[in-house]
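Enquirer: Following this line is upload19.txt, made up of compact mmCIF, C-alpha atoms:
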# COMPACT_ATOMS: atom_id res chain seq x y z
CA MET N 1 0.00 0.00 0.00
CA VAL N 2 1.33 3.44 -1.00
CA ARG N 3 0.55 6.60 0.92
CA LEU N 4 -1.54 8.85 -1.32
CA GLU N 5 -1.87 12.61 -0.92
CA LEU N 6 -5.54 13.07 -1.82
CA ASP N 7 -5.22 16.84 -2.23
CA GLN N 8 -2.78 16.21 -5.08
CA VAL N 9 -5.18 13.98 -7.04
CA VAL N 10 -6.87 15.44 -10.12
CA MET N 11 -10.21 13.93 -11.24
CA ARG N 12 -10.41 14.48 -14.98
CA ARG N 13 -12.25 13.07 -17.98
CA MET N 14 -10.62 10.05 -19.55
CA LYS N 15 -8.72 10.81 -22.75
CA GLU N 16 -8.15 8.57 -25.73
CA ASP N 17 -4.57 7.91 -24.59
CA ASP N 18 -5.89 6.60 -21.26
CA ILE N 19 -8.06 3.84 -22.71
CA GLU N 20 -5.58 0.96 -22.45
CA VAL N 21 -4.55 2.00 -18.92
CA VAL N 22 -8.17 2.18 -17.77
CA LYS N 23 -8.96 -1.21 -19.31
CA ALA N 24 -6.06 -2.77 -17.44
CA LEU N 25 -7.18 -1.09 -14.20
CA VAL N 26 -10.74 -2.38 -14.59
CA LYS N 27 -9.49 -5.89 -15.37
CA GLU N 28 -7.38 -5.84 -12.22
CA GLY N 29 -10.24 -4.49 -10.11
CA CYS N 30 -12.72 -7.08 -11.40
CA GLU N 31 -10.45 -10.05 -10.78
CA GLY N 32 -12.43 -12.76 -9.03
CA THR N 33 -15.82 -11.02 -9.37
CA GLU N 34 -17.06 -13.39 -12.05
CA ASN N 35 -16.09 -16.49 -10.06
CA ARG N 36 -17.82 -15.17 -6.95
CA LEU N 37 -21.01 -14.51 -8.92
CA ILE N 38 -20.94 -18.03 -10.38
CA LEU N 39 -20.42 -19.54 -6.91
CA HIS N 40 -23.33 -17.46 -5.63
CA ILE N 41 -25.63 -18.85 -8.34
CA LEU N 42 -24.45 -22.46 -7.96
CA THR N 43 -25.25 -22.46 -4.25
CA ARG N 44 -28.88 -21.31 -4.65
CA PRO N 45 -31.40 -23.99 -3.52
CA LEU N 46 -33.29 -24.18 -6.83
CA CYS N 47 -30.07 -24.43 -8.80
CA LEU N 48 -28.80 -27.21 -6.52
CA PHE N 49 -32.08 -29.08 -6.99
CA ILE N 50 -31.85 -28.89 -10.80
CA LEU N 51 -28.23 -30.07 -10.72
CA ALA N 52 -29.25 -32.99 -8.52
CA VAL N 53 -31.99 -33.99 -10.98
CA PHE N 54 -29.61 -33.94 -13.95
CA SER N 55 -27.03 -35.89 -11.96
CA SER N 56 -29.61 -38.56 -11.18
CA ILE N 57 -30.49 -38.88 -14.87
CA LEU N 58 -26.83 -39.11 -15.88
CA ARG N 59 -26.22 -41.70 -13.17
CA CYS N 60 -28.42 -44.08 -15.18
CA LEU N 61 -26.33 -43.47 -18.32
CA VAL N 62 -22.85 -43.05 -16.89
CA HIS N 63 -21.52 -45.75 -14.60
CA SER N 64 -19.67 -43.27 -12.44
CA PHE N 65 -21.08 -41.26 -9.59
CA ILE N 66 -18.29 -38.65 -9.82
CA LEU N 67 -18.82 -38.06 -13.56
CA ALA N 68 -22.59 -37.85 -13.11
CA LEU N 69 -22.05 -35.17 -10.48
CA ALA N 70 -19.27 -33.25 -12.22
CA ILE N 71 -20.64 -33.03 -15.79
CA PRO N 72 -23.76 -30.91 -15.00
CA VAL N 73 -21.72 -28.57 -12.79
CA PHE N 74 -19.03 -28.18 -15.46
CA LEU N 75 -21.56 -27.47 -18.22
CA LEU N 76 -23.38 -24.90 -16.08
CA ILE N 77 -20.13 -23.11 -15.23
CA VAL N 78 -19.25 -22.92 -18.95
CA PHE N 79 -22.74 -21.61 -19.72
CA LEU N 80 -22.47 -18.92 -17.02
CA LYS N 81 -18.99 -17.89 -18.19
CA ILE N 82 -20.37 -17.29 -21.69
CA THR N 83 -23.63 -15.59 -20.71
CA MET N 84 -22.44 -13.35 -17.87
CA PRO N 85 -20.84 -10.29 -19.52
CA ARG N 86 -22.03 -7.89 -16.82
CA SER N 87 -19.67 -9.34 -14.24
CA THR N 88 -16.69 -7.97 -16.17
CA GLY N 89 -18.59 -5.23 -17.95
CA VAL N 90 -20.54 -2.17 -16.92
CA LEU N 91 -22.78 -2.93 -13.97
CA GLY N 92 -26.40 -1.99 -14.47
CA SER N 93 -25.96 -2.14 -18.25
CA SER N 94 -25.66 -4.88 -20.85
CA ARG N 95 -22.68 -3.11 -22.46
CA PRO N 96 -19.20 -4.65 -22.06
CA TYR N 97 -16.69 -2.30 -20.49
CA TRP N 98 -14.31 -2.34 -23.48
CA ASP N 99 -17.03 -0.89 -25.71
CA TYR N 100 -18.06 1.57 -23.02
CA VAL N 101 -14.53 2.80 -22.41
CA GLY N 102 -13.74 2.90 -26.11
CA SER N 103 -16.63 5.24 -26.87
CA SER N 104 -16.94 7.43 -23.77
CA TYR N 105 -13.75 9.49 -23.97
CA ARG N 106 -15.28 12.04 -26.36
CA GLY N 107 -16.27 15.45 -25.01
CA GLN N 108 -14.47 18.23 -23.15
CA GLN N 109 -11.05 16.70 -22.61
CA ASP N 110 -9.90 19.32 -20.09
CA GLU N 111 -12.96 18.95 -17.88
CA THR N 112 -12.19 18.17 -14.24
CA LEU N 113 -14.10 17.46 -11.04
CA GLN N 114 -13.78 19.42 -7.83
CA ASN N 115 -11.46 17.92 -5.24
CA PRO N 116 -12.94 18.57 -1.77
CA TYR N 117 -9.59 17.88 -0.11
CA CYS N 118 -7.97 20.83 -1.91
CA ARG N 119 -10.24 23.26 -0.09
CA ILE N 120 -9.24 21.70 3.23
CA SER N 121 -5.49 21.73 2.61
CA GLY N 122 -5.38 24.91 0.53
CA LYS N 123 -3.15 23.23 -2.05
CA THR N 124 -3.63 23.19 -5.80
CA PRO N 125 -3.19 19.78 -7.42
CA GLY N 126 -0.83 19.54 -10.37
CA THR N 127 -0.40 16.95 -13.10
CA LYS N 128 2.65 15.77 -14.96
CA LYS N 129 2.77 14.33 -18.42
CA GLN N 130 1.26 10.85 -18.27
CA ARG N 131 3.70 7.99 -18.41
CA ARG N 132 3.07 5.46 -21.12
CA ARG N 133 3.11 2.21 -19.19
CA ILE N 134 0.57 0.02 -20.91
CA GLY N 135 0.07 -0.61 -24.60
CA SER N 136 2.31 -0.21 -27.63
CA LYS N 137 2.34 2.05 -30.65
CA ASP N 138 0.41 -0.57 -32.59
CA LYS N 139 -2.33 -0.58 -29.96
CA ASP N 140 -2.49 3.19 -30.07
CA LYS N 141 -2.95 3.09 -33.82
CA GLU N 142 -5.73 0.55 -33.48
CA THR N 143 -7.46 2.68 -30.85
CA SER N 144 -7.17 5.85 -32.90
CA SER N 145 -8.51 4.21 -36.05
CA GLU N 146 -11.40 2.52 -34.23
CA LYS N 147 -14.70 3.59 -35.72
CA ILE N 148 -16.94 5.24 -33.13
CA THR N 149 -20.46 5.44 -34.48
CA GLU N 150 -22.81 8.28 -33.64
CA GLU N 151 -25.07 5.86 -31.75
CA ARG N 152 -22.19 4.71 -29.56
CA GLU N 153 -21.13 8.26 -28.81
CA GLN N 154 -24.69 9.22 -27.88
CA ALA N 155 -25.16 6.21 -25.63
CA ALA N 156 -21.74 6.48 -23.98
CA GLY N 157 -21.54 7.89 -20.50
CA GLN N 158 -18.48 9.32 -18.81
CA VAL N 159 -15.31 7.82 -17.37
CA TRP N 160 -13.48 9.96 -14.83
CA VAL N 161 -9.94 9.03 -13.82
CA ALA N 162 -7.96 9.93 -10.72
CA ASP N 163 -4.65 11.31 -11.93
CA CYS N 164 -1.78 11.59 -9.44
CA GLU N 165 1.37 13.06 -10.97
CA GLY N 166 0.66 11.46 -14.34
CA ASP N 167 -0.36 8.03 -13.02
CA ILE N 168 -3.97 6.85 -13.22
CA VAL N 169 -4.70 5.40 -9.77
CA GLY N 170 -8.47 4.96 -10.00
CA CYS N 171 -11.56 5.54 -12.14
CA VAL N 172 -15.33 5.84 -11.88
CA PHE N 173 -17.84 5.10 -14.63
CA ARG N 174 -21.03 7.11 -14.93
CA GLU N 175 -23.75 5.86 -17.25
CA SER N 176 -25.23 8.09 -19.94
CA GLU N 177 -27.97 10.52 -18.89
CA THR N 178 -31.17 8.64 -19.65
CA ARG N 179 -33.12 10.40 -16.89
CA PRO N 180 -32.73 14.12 -16.09
CA SER N 181 -32.91 13.81 -12.31
CA ALA N 182 -30.99 10.55 -11.78
CA ARG N 183 -27.45 9.36 -12.45
CA ARG N 184 -25.92 5.91 -12.23
CA ILE N 185 -22.46 4.88 -11.06
CA CYS N 186 -21.79 1.59 -12.81
CA ARG N 187 -18.14 0.98 -12.00
CA LEU N 188 -15.71 2.21 -9.34
CA VAL N 189 -12.15 0.94 -9.36
CA THR N 190 -9.04 1.93 -7.40
CA GLY N 191 -5.54 0.62 -7.97
CA CYS N 192 -4.49 -2.22 -5.66
CA TRP N 193 -1.65 -0.09 -4.20
CA TYR N 194 -3.99 2.78 -3.33
CA ARG N 195 -6.84 1.08 -1.52
CA ARG N 196 -8.03 2.08 1.95
CA GLU N 197 -6.55 5.53 1.36
CA GLY N 198 -9.85 7.34 0.74
CA LEU N 199 -9.48 7.38 -3.04
CA GLY N 200 -12.82 5.66 -3.70
CA ARG N 201 -14.61 8.13 -1.42
CA LEU N 202 -12.88 11.02 -3.21
CA LEU N 203 -14.03 9.80 -6.64
CA VAL N 204 -17.62 9.30 -5.52
CA GLN N 205 -17.90 12.59 -3.63
CA SER N 206 -16.36 14.59 -6.48
CA LEU N 207 -18.78 13.04 -8.96
CA GLU N 208 -21.71 13.74 -6.65
CA LEU N 209 -20.74 17.42 -6.46
CA LYS N 210 -20.77 17.68 -10.23
CA GLU N 211 -24.10 15.88 -10.61
CA ARG N 212 -25.71 18.02 -7.93
CA GLU N 213 -24.65 21.15 -9.81
CA SER N 214 -26.05 19.72 -13.05
CA GLY N 215 -29.51 19.27 -11.47
CA ALA N 216 -29.51 15.60 -10.50
CA ARG N 217 -31.26 14.77 -7.26
CA ARG N 218 -30.33 11.11 -6.89
CA VAL N 219 -27.39 8.84 -7.68
CA TYR N 220 -27.66 5.07 -8.06
CA ALA N 221 -24.82 2.57 -7.77
CA HIS N 222 -24.81 -1.06 -8.90
CA VAL N 223 -22.64 -3.38 -6.79
CA PRO N 224 -21.89 -7.06 -7.62
CA TYR N 225 -24.17 -9.22 -5.46
CA PRO N 226 -21.54 -11.11 -3.42
CA SER N 227 -19.28 -8.05 -2.94
CA LYS N 228 -19.38 -7.33 0.80
CA VAL N 229 -16.56 -4.80 0.46
CA GLY N 230 -18.45 -2.79 -2.18
CA GLU N 231 -21.66 -2.92 -0.15
CA ALA N 232 -19.90 -1.71 3.01
CA PHE N 233 -18.17 1.08 1.08
CA PHE N 234 -21.36 2.58 -0.38
CA ARG N 235 -23.13 2.37 2.97
CA LYS N 236 -20.19 4.21 4.52
CA VAL N 237 -20.47 7.10 2.02
CA GLY N 238 -24.20 7.53 2.70
CA TYR N 239 -25.95 5.19 0.26
CA ARG N 240 -28.91 2.95 1.08
CA GLN N 241 -29.84 -0.33 -0.56
CA LEU N 242 -32.92 -0.26 -2.74
CA GLY N 243 -35.86 -1.83 -0.89
CA GLU N 244 -34.84 -0.93 2.67
CA ALA N 245 -36.98 2.20 3.15
CA ALA N 246 -40.78 2.06 3.45
CA ASP N 247 -41.34 5.26 1.43
CA GLU N 248 -39.68 3.77 -1.68
CA GLU N 249 -42.95 2.21 -2.84
CA ASP N 250 -44.38 5.66 -3.57
CA ASP N 251 -41.33 6.78 -5.54
CA ASP N 252 -41.93 6.29 -9.26
CA GLU N 253 -38.27 7.04 -10.03
CA MET N 254 -37.07 3.94 -8.18
CA LYS N 255 -39.29 1.70 -10.28
CA ASN N 256 -36.99 2.44 -13.22
CA GLU N 257 -33.94 1.05 -11.40
CA THR N 258 -33.82 -2.71 -10.90
CA PRO N 259 -30.98 -5.14 -10.12
CA GLU N 260 -29.37 -6.98 -13.00
CA ARG N 261 -30.43 -10.62 -13.14
CA GLY N 262 -28.72 -13.66 -14.59
CA PHE N 263 -29.33 -17.42 -14.79
CA MET N 264 -32.84 -18.38 -13.60
CA GLY N 265 -33.50 -14.80 -12.58
CA TYR N 266 -31.02 -14.71 -9.73
CA PRO N 267 -29.79 -11.14 -9.02
CA LEU N 268 -26.24 -10.28 -10.06
CA THR N 269 -26.16 -6.80 -8.54
CA LYS N 270 -27.46 -4.88 -5.55
CA VAL N 271 -28.74 -1.36 -6.19
CA PHE N 272 -27.80 1.43 -3.81
CA TYR N 273 -28.96 5.03 -3.97
CA LYS N 274 -28.31 8.40 -2.37
CA ASP N 275 -30.37 11.57 -2.50
CA LEU N 276 -28.24 14.63 -3.26
Show the structure stored in the file as structure tokens.
Expert:
Amino acid sequence: MVRLELDQVVMRRMKEDDIEVVKALVKEGCEGTENRLILHILTRPLCLFILAVFSSILRCLVHSFILALAIPVFLLIVFLKITMPRSTGVLGSSRPYWDYVGSSYRGQQDETLQNPYCRISGKTPGTKKQRRRIGSKDKDKETSSEKITEEREQAAGQVWVADCEGDIVGCVFRESETRPSARRICRLVTGCWYRREGLGRLLVQSLELKERESGARRVYAHVPYPSKVGEAFFRKVGYRQLGEAADEEDDDEMKNETPERGFMGYPLTKVFYKDL
């Protein structure tokens, strides 16, 4: 773990040159998420019952108890690996993160978010020229020549990166504005060396300040279902899980936000929200 000076972090819009770095950061942050989701589904009672039925049928055809038990489980795991793009993609959306990142860098490239810690310390954060650590010239050429259609640009949201002296140490994904009064955080990632330093809180709070100024009154966040760390984090920064409050039934806005569901309708995400 590296000590991070939060008042020196700049939250800025992702640029085209940042795409490969952000992809690598998301891949690192999502490591193990897919396997935890699959384990969560496999241990549901109805799923266990169906696997037991198929195992009993195979037991009559295969003269091996171990094979009859292992084959259905193996086939289901392969099926879930193929049909579960949200676990490594953009939570709350069917779009894979590589498409999202590749089409959301357009816009005002010099736009930045407010850093609340700068007002406390009185310092002004500065950035250095970004170091090229990931990707080659060939990859840069491929990225630059990638065709971004008008539909993709219109549907793309925003990716904000935390820049500390030229290094990208974290990022937050915000879905496109489909509703004027609500925003959705669909991915929050911090580098493994900068966790438990307040960087995640800084990204979320800075984004909330911007959305409040733009007229949004509520922010939603989708968290992978078995992620206890993610759930505890959003509760700590003032979010509540959808379905906990009694007055939610009368809120028409919340009816538009539902958890993502996977195999047999089991939820893949938990939805949290915060009123600004």
Enquirer: Would you mind telling me which residue in N:Arg261, N:Ser56, N:Ile82, N:Ser104 lies nearest to Ala70 in chain N when using only C-alpha atoms?
Expert: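 Among the listed residues, the smallest separation from Ala70 in chain N belongs to N:Ser56.
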Enquirer: Every residue with an atom at most 9 Å from (-29.3, 17.6, -12.9) (file coordinates; all atoms listed in the file) is what I'm after, so could you write them as a count of residues only?
Expert: 13
Enquirer: Go through N:Ile41, N:Cys164, N:Val204, N:Cys186 and flag the residue nearest Asp7 in chain N, using all atoms listed in the file for the distances.
Expert: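 Ranking N:Ile41, N:Cys164, N:Val204, N:Cys186 by distance to Asp7 in chain N, first place goes to N:Cys164.
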Enquirer: Please measure the separation of CA of Ala162 in chain N and CA of Lys236 in chain N, giving the value in Å to one decimal.
Expert: 20.4 Å
Enquirer: Using Å and a single decimal, report how far CA of His222 in chain N sits from CA of Thr269 in chain N.
Expert: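 Computed distance, CA of Thr269 in chain N to CA of His222 in chain N, equals 5.9 Å.
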Enquirer: Could you please determine the separation between CA of Val9 in chain N and CA of Trp98 in chain N in Å, to one decimal place?
Expert: 24.9 Å
Enquirer: Excluding Gly92 in chain N and residues on its chain fewer than 3 positions from it, collect all residues at most 12 Å away from it, counting only C-alpha atoms, and give them as a VMD selection string.
Expert: chain N and resid 85 to 89 95 to 97 173 to 176 183 to 187 220 to 225 256 to 262 267 to 272
Enquirer: Smallest atom-to-atom distance to Met14 in chain N: which of N:Val237, N:Cys171, N:Leu203, N:Ile71, using all atoms listed in the file?
Expert: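 That would be N:Cys171, the residue with the smallest distance to Met14 in chain N.
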Enquirer: Between N:Asp275, N:Glu244, N:Glu208, N:Glu197, which has the minimum distance to Pro116 in chain N (counting all atoms listed in the file)?
Expert: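 Among the listed residues, N:Glu208 lies closest to Pro116 in chain N.
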Enquirer: With only C-alpha atoms counted, which protein, DNA or RNA residues have an atom no more than 10 Å from (-10.0, 5.6, -1.2) in the file frame? Please answer as a CSV table (one decimal) with C-alpha atoms, in the frame of the given file.
Expert:
chain,number,residue,atom,x,y,z
N,4,LEU,CA,-1.5,8.8,-1.3
N,6,LEU,CA,-5.5,13.1,-1.8
N,170,GLY,CA,-8.5,5.0,-10.0
N,189,VAL,CA,-12.2,0.9,-9.4
N,190,THR,CA,-9.0,1.9,-7.4
N,191,GLY,CA,-5.5,0.6,-8.0
N,194,TYR,CA,-4.0,2.8,-3.3
N,195,ARG,CA,-6.8,1.1,-1.5
N,196,ARG,CA,-8.0,2.1,2.0
N,197,GLU,CA,-6.6,5.5,1.4
N,198,GLY,CA,-9.8,7.3,0.7
N,199,LEU,CA,-9.5,7.4,-3.0
N,200,GLY,CA,-12.8,5.7,-3.7
N,201,ARG,CA,-14.6,8.1,-1.4
N,202,LEU,CA,-12.9,11.0,-3.2
N,203,LEU,CA,-14.0,9.8,-6.6
N,204,VAL,CA,-17.6,9.3,-5.5
N,233,PHE,CA,-18.2,1.1,1.1
Enquirer: Counting all atoms listed in the file, which of N:Met264, N:Leu276, N:Ile77, N:Ile66 gets nearest to Glu34 in chain N?
Expert: N:Ile77
Enquirer: With all atoms listed in the file as the basis for distance, which of N:Pro72, N:Pro45, N:Gly238, N:Glu28 is at the shortest distance from Cys192 in chain N?
Expert: N:Glu28
Enquirer: For range 40-52 of chain N, take all atoms listed in the file, fit an axis-aligned box around them, add 3 Å to each of the six sides, then output centre and edge lengths in Å rounded to one decimal, as AutoDock Vina command-line options.
Expert:
--center_x -28.3 --center_y -25.2 --center_z -7.2 --size_x 16.0 --size_y 21.5 --size_z 13.3
